[in-house]
>>> print(open('final_25.txt').read())   # compact mmCIF, C-alpha atoms and all ligand atoms
# COMPACT_ATOMS: atom_id res chain seq x y z
CA MET A 1 0.00 0.00 0.00
CA LYS A 2 2.75 2.41 0.94
CA LEU A 3 4.63 1.47 -2.21
CA THR A 4 1.56 2.23 -4.37
CA LEU A 5 1.24 5.69 -2.88
CA ILE A 6 4.86 6.47 -3.65
CA THR A 7 4.43 5.31 -7.23
CA VAL A 8 1.36 7.49 -7.71
CA ALA A 9 3.10 10.49 -6.19
CA SER A 10 6.16 10.21 -8.38
CA THR A 11 4.00 9.67 -11.47
CA ALA A 12 2.22 12.93 -10.68
CA VAL A 13 5.55 14.72 -10.43
CA VAL A 14 6.68 13.33 -13.77
CA LEU A 15 3.40 14.34 -15.40
CA SER A 16 3.60 17.90 -14.13
CA PHE A 17 7.17 18.09 -15.38
CA ALA A 18 6.04 16.88 -18.78
CA ALA A 19 3.23 19.44 -18.88
CA HIS A 20 5.64 22.18 -17.98
CA ALA A 21 8.08 21.10 -20.67
CA GLN A 22 5.29 21.20 -23.23
CA ASP A 23 4.27 24.68 -22.20
CA THR A 24 7.80 25.90 -22.60
CA SER A 25 8.24 24.47 -26.08
CA ALA A 26 4.86 25.81 -27.16
CA MET A 27 5.97 29.27 -26.11
CA LYS A 28 9.18 28.90 -28.07
CA MET A 29 7.35 27.75 -31.19
CA ASP A 30 5.13 30.76 -30.85
CA GLY A 31 8.11 33.07 -30.91
CA MET A 32 6.49 35.58 -33.24
CA GLU A 33 3.69 36.32 -30.81
CA GLY A 34 6.12 36.94 -28.00
CA MET A 35 8.22 39.13 -30.25
CA GLU A 36 5.21 41.23 -31.20
CA MET A 37 4.19 41.72 -27.60
CA LYS A 38 7.70 42.85 -26.79
CA GLN A 39 7.61 45.35 -29.63
CA GLU A 40 4.24 46.72 -28.59
CA SER A 41 5.55 47.55 -25.16
CA LYS A 42 8.46 49.37 -26.78
CA GLN A 43 8.05 51.58 -29.83
CA MET A 44 6.84 50.44 -33.21
CA ALA A 45 9.36 48.39 -35.13
CA VAL A 46 10.27 49.50 -38.63
CA ALA A 47 12.17 47.16 -40.90
CA ASN A 48 13.20 46.69 -44.51
CA ALA A 49 12.72 43.58 -46.59
CA GLU A 50 12.65 42.34 -50.16
CA GLY A 51 9.95 40.20 -51.63
CA THR A 52 7.63 39.36 -54.48
CA ILE A 53 4.06 40.60 -54.79
CA LYS A 54 1.77 37.59 -54.62
CA ALA A 55 -1.59 39.33 -54.48
CA ILE A 56 -3.15 42.77 -54.27
CA ASP A 57 -6.54 43.28 -52.64
CA PRO A 58 -7.80 46.78 -53.49
CA ALA A 59 -10.94 46.35 -51.35
CA LYS A 60 -9.04 45.43 -48.20
CA HIS A 61 -6.07 47.68 -49.03
CA THR A 62 -3.59 44.86 -48.58
CA VAL A 63 -0.68 43.55 -50.55
CA THR A 64 0.45 39.97 -50.03
CA LEU A 65 4.21 39.65 -50.19
CA ALA A 66 6.44 36.59 -50.20
CA HIS A 67 9.33 38.12 -48.31
CA GLY A 68 12.75 36.94 -47.27
CA ALA A 69 14.02 36.75 -43.71
CA VAL A 70 13.81 40.01 -41.74
CA PRO A 71 16.41 39.82 -38.98
CA ALA A 72 15.37 43.21 -37.56
CA VAL A 73 12.07 41.77 -36.37
CA GLN A 74 13.25 38.14 -36.22
CA TRP A 75 10.96 37.01 -39.02
CA PRO A 76 11.71 33.96 -41.10
CA PRO A 77 10.90 34.08 -44.82
CA MET A 78 7.12 33.93 -45.28
CA THR A 79 4.16 35.04 -47.33
CA MET A 80 1.86 37.50 -45.61
CA ALA A 81 -0.46 40.44 -46.19
CA PHE A 82 0.49 44.02 -45.33
CA SER A 83 -1.76 47.04 -45.12
CA VAL A 84 -0.99 49.41 -47.97
CA SER A 85 -2.47 52.53 -49.55
CA ASP A 86 -3.56 52.84 -53.16
CA ASP A 87 -0.89 55.49 -53.74
CA GLN A 88 1.84 53.15 -52.56
CA LEU A 89 0.68 50.48 -54.99
CA ALA A 90 0.65 52.76 -58.04
CA GLY A 91 2.63 51.12 -60.82
CA LEU A 92 3.00 47.80 -59.00
CA LYS A 93 1.49 44.49 -59.99
CA VAL A 94 1.44 40.83 -58.98
CA GLY A 95 4.76 39.20 -59.74
CA ASP A 96 6.85 42.35 -59.22
CA ARG A 97 9.99 41.97 -57.19
CA VAL A 98 9.99 44.78 -54.62
CA SER A 99 11.95 46.19 -51.74
CA PHE A 100 9.84 47.68 -49.00
CA THR A 101 9.84 49.24 -45.58
CA PHE A 102 7.14 48.36 -43.10
CA ARG A 103 6.20 48.86 -39.50
CA VAL A 104 4.69 46.30 -37.16
CA GLU A 105 1.78 47.33 -34.95
CA GLY A 106 -0.40 44.97 -32.99
CA GLY A 107 1.01 42.00 -34.88
CA LYS A 108 0.14 43.47 -38.29
CA GLY A 109 2.49 44.78 -40.90
CA THR A 110 1.85 48.12 -42.57
CA ILE A 111 3.80 49.24 -45.61
CA VAL A 112 5.71 52.48 -45.10
CA SER A 113 7.21 52.51 -48.59
CA ILE A 114 7.42 50.00 -51.42
CA LYS A 115 9.20 50.13 -54.76
CA LYS A 116 10.40 47.92 -57.59
CU CU B 201 6.23 38.24 -42.57
>>> encode(input="final_25.txt", output="structure tokens")
Amino acid sequence: MKLTLITVASTAVVLSFAAHAQDTSAMKMDGMEGMEMKQESKQMAVANAEGTIKAIDPAKHTVTLAHGAVPAVQWPPMTMAFSVSDDQLAGLKVGDRVSFTFRVEGGKGTIVSIKK
């Protein structure tokens, strides 16, 4: 009986360790979220990147860019939508290779400038 109790107790300890380990790795995998929260508490981050225009949505005022790594904000290469104004998109079309500057606010990217 005593032995059983000890076994149960140590199993519980192992399980809580395992749960903790999972939490930690989940937080690491979600690195972008943590990064964004850090930036929000500081000032807005502005960064430069190069990419290819994958889509333009005039109704939503977004441009979807397949961009390379952006070390300034610790982003890996990815395809994502940025807020953009009609003026900024003048002369640009899907498939164009562009270099652009953007700021990150509340986890969303907004184009500051974009050119071929
Ligand atoms: Cu991105």
>>> residues_around(input="final_25.txt", residues="stretch 106-114 of chain A", least_positions_apart="6", cutoff="6 Å", atoms="all atoms listed in the file", output="PyMOL selection string")
chain A and resi 36+82-84+99-100
>>> residues_near_ligand(input="final_25.txt", ligand="ligand CU 201 (chain B)", cutoff="9 Å", atoms="all atoms listed in the file", output="VMD selection string")
chain A and resid 65 to 70 75 to 82 109
>>> atom_distance(input="final_25.txt", atom1="atom CA of A:Ile53", atom2="atom CA of A:Val94")
4.9 Å
>>> residues_around(input="final_25.txt", residues="A:Val98", least_positions_apart="4", cutoff="9 Å", atoms="only C-alpha atoms", output="list in words")
Ala49, Glu50, Gly51, Thr52, Ile53, Leu65, Leu92, Ile114, Lys115 and Lys116 of chain A
>>> closest_residue(input="final_25.txt", among="A:Lys93, A:Asp87, A:Thr101, A:Pro71", to="A:Ile56", atoms="only C-alpha atoms")
A:Lys93
>>> atom_distance(input="final_25.txt", atom1="atom CA of A:Ala55", atom2="atom CA of A:Val73")
22.8 Å
>>> atom_distance(input="final_25.txt", atom1="atom CA of A:Thr62", atom2="atom CA of A:Asp86")
9.2 Å
>>> axis_aligned_box(input="final_25.txt", around="stretch 64-79 of chain A", padding_each_side="3 Å", output="JSON")
{"center_x": 8.4, "center_y": 38.6, "center_z": -43.2, "size_x": 22.0, "size_y": 15.3, "size_z": 20.0}
>>> closest_residue(input="final_25.txt", among="A:Pro58, A:Leu89, A:Thr64, A:Ala47", to="A:Glu105", atoms="all atoms listed in the file")
A:Ala47
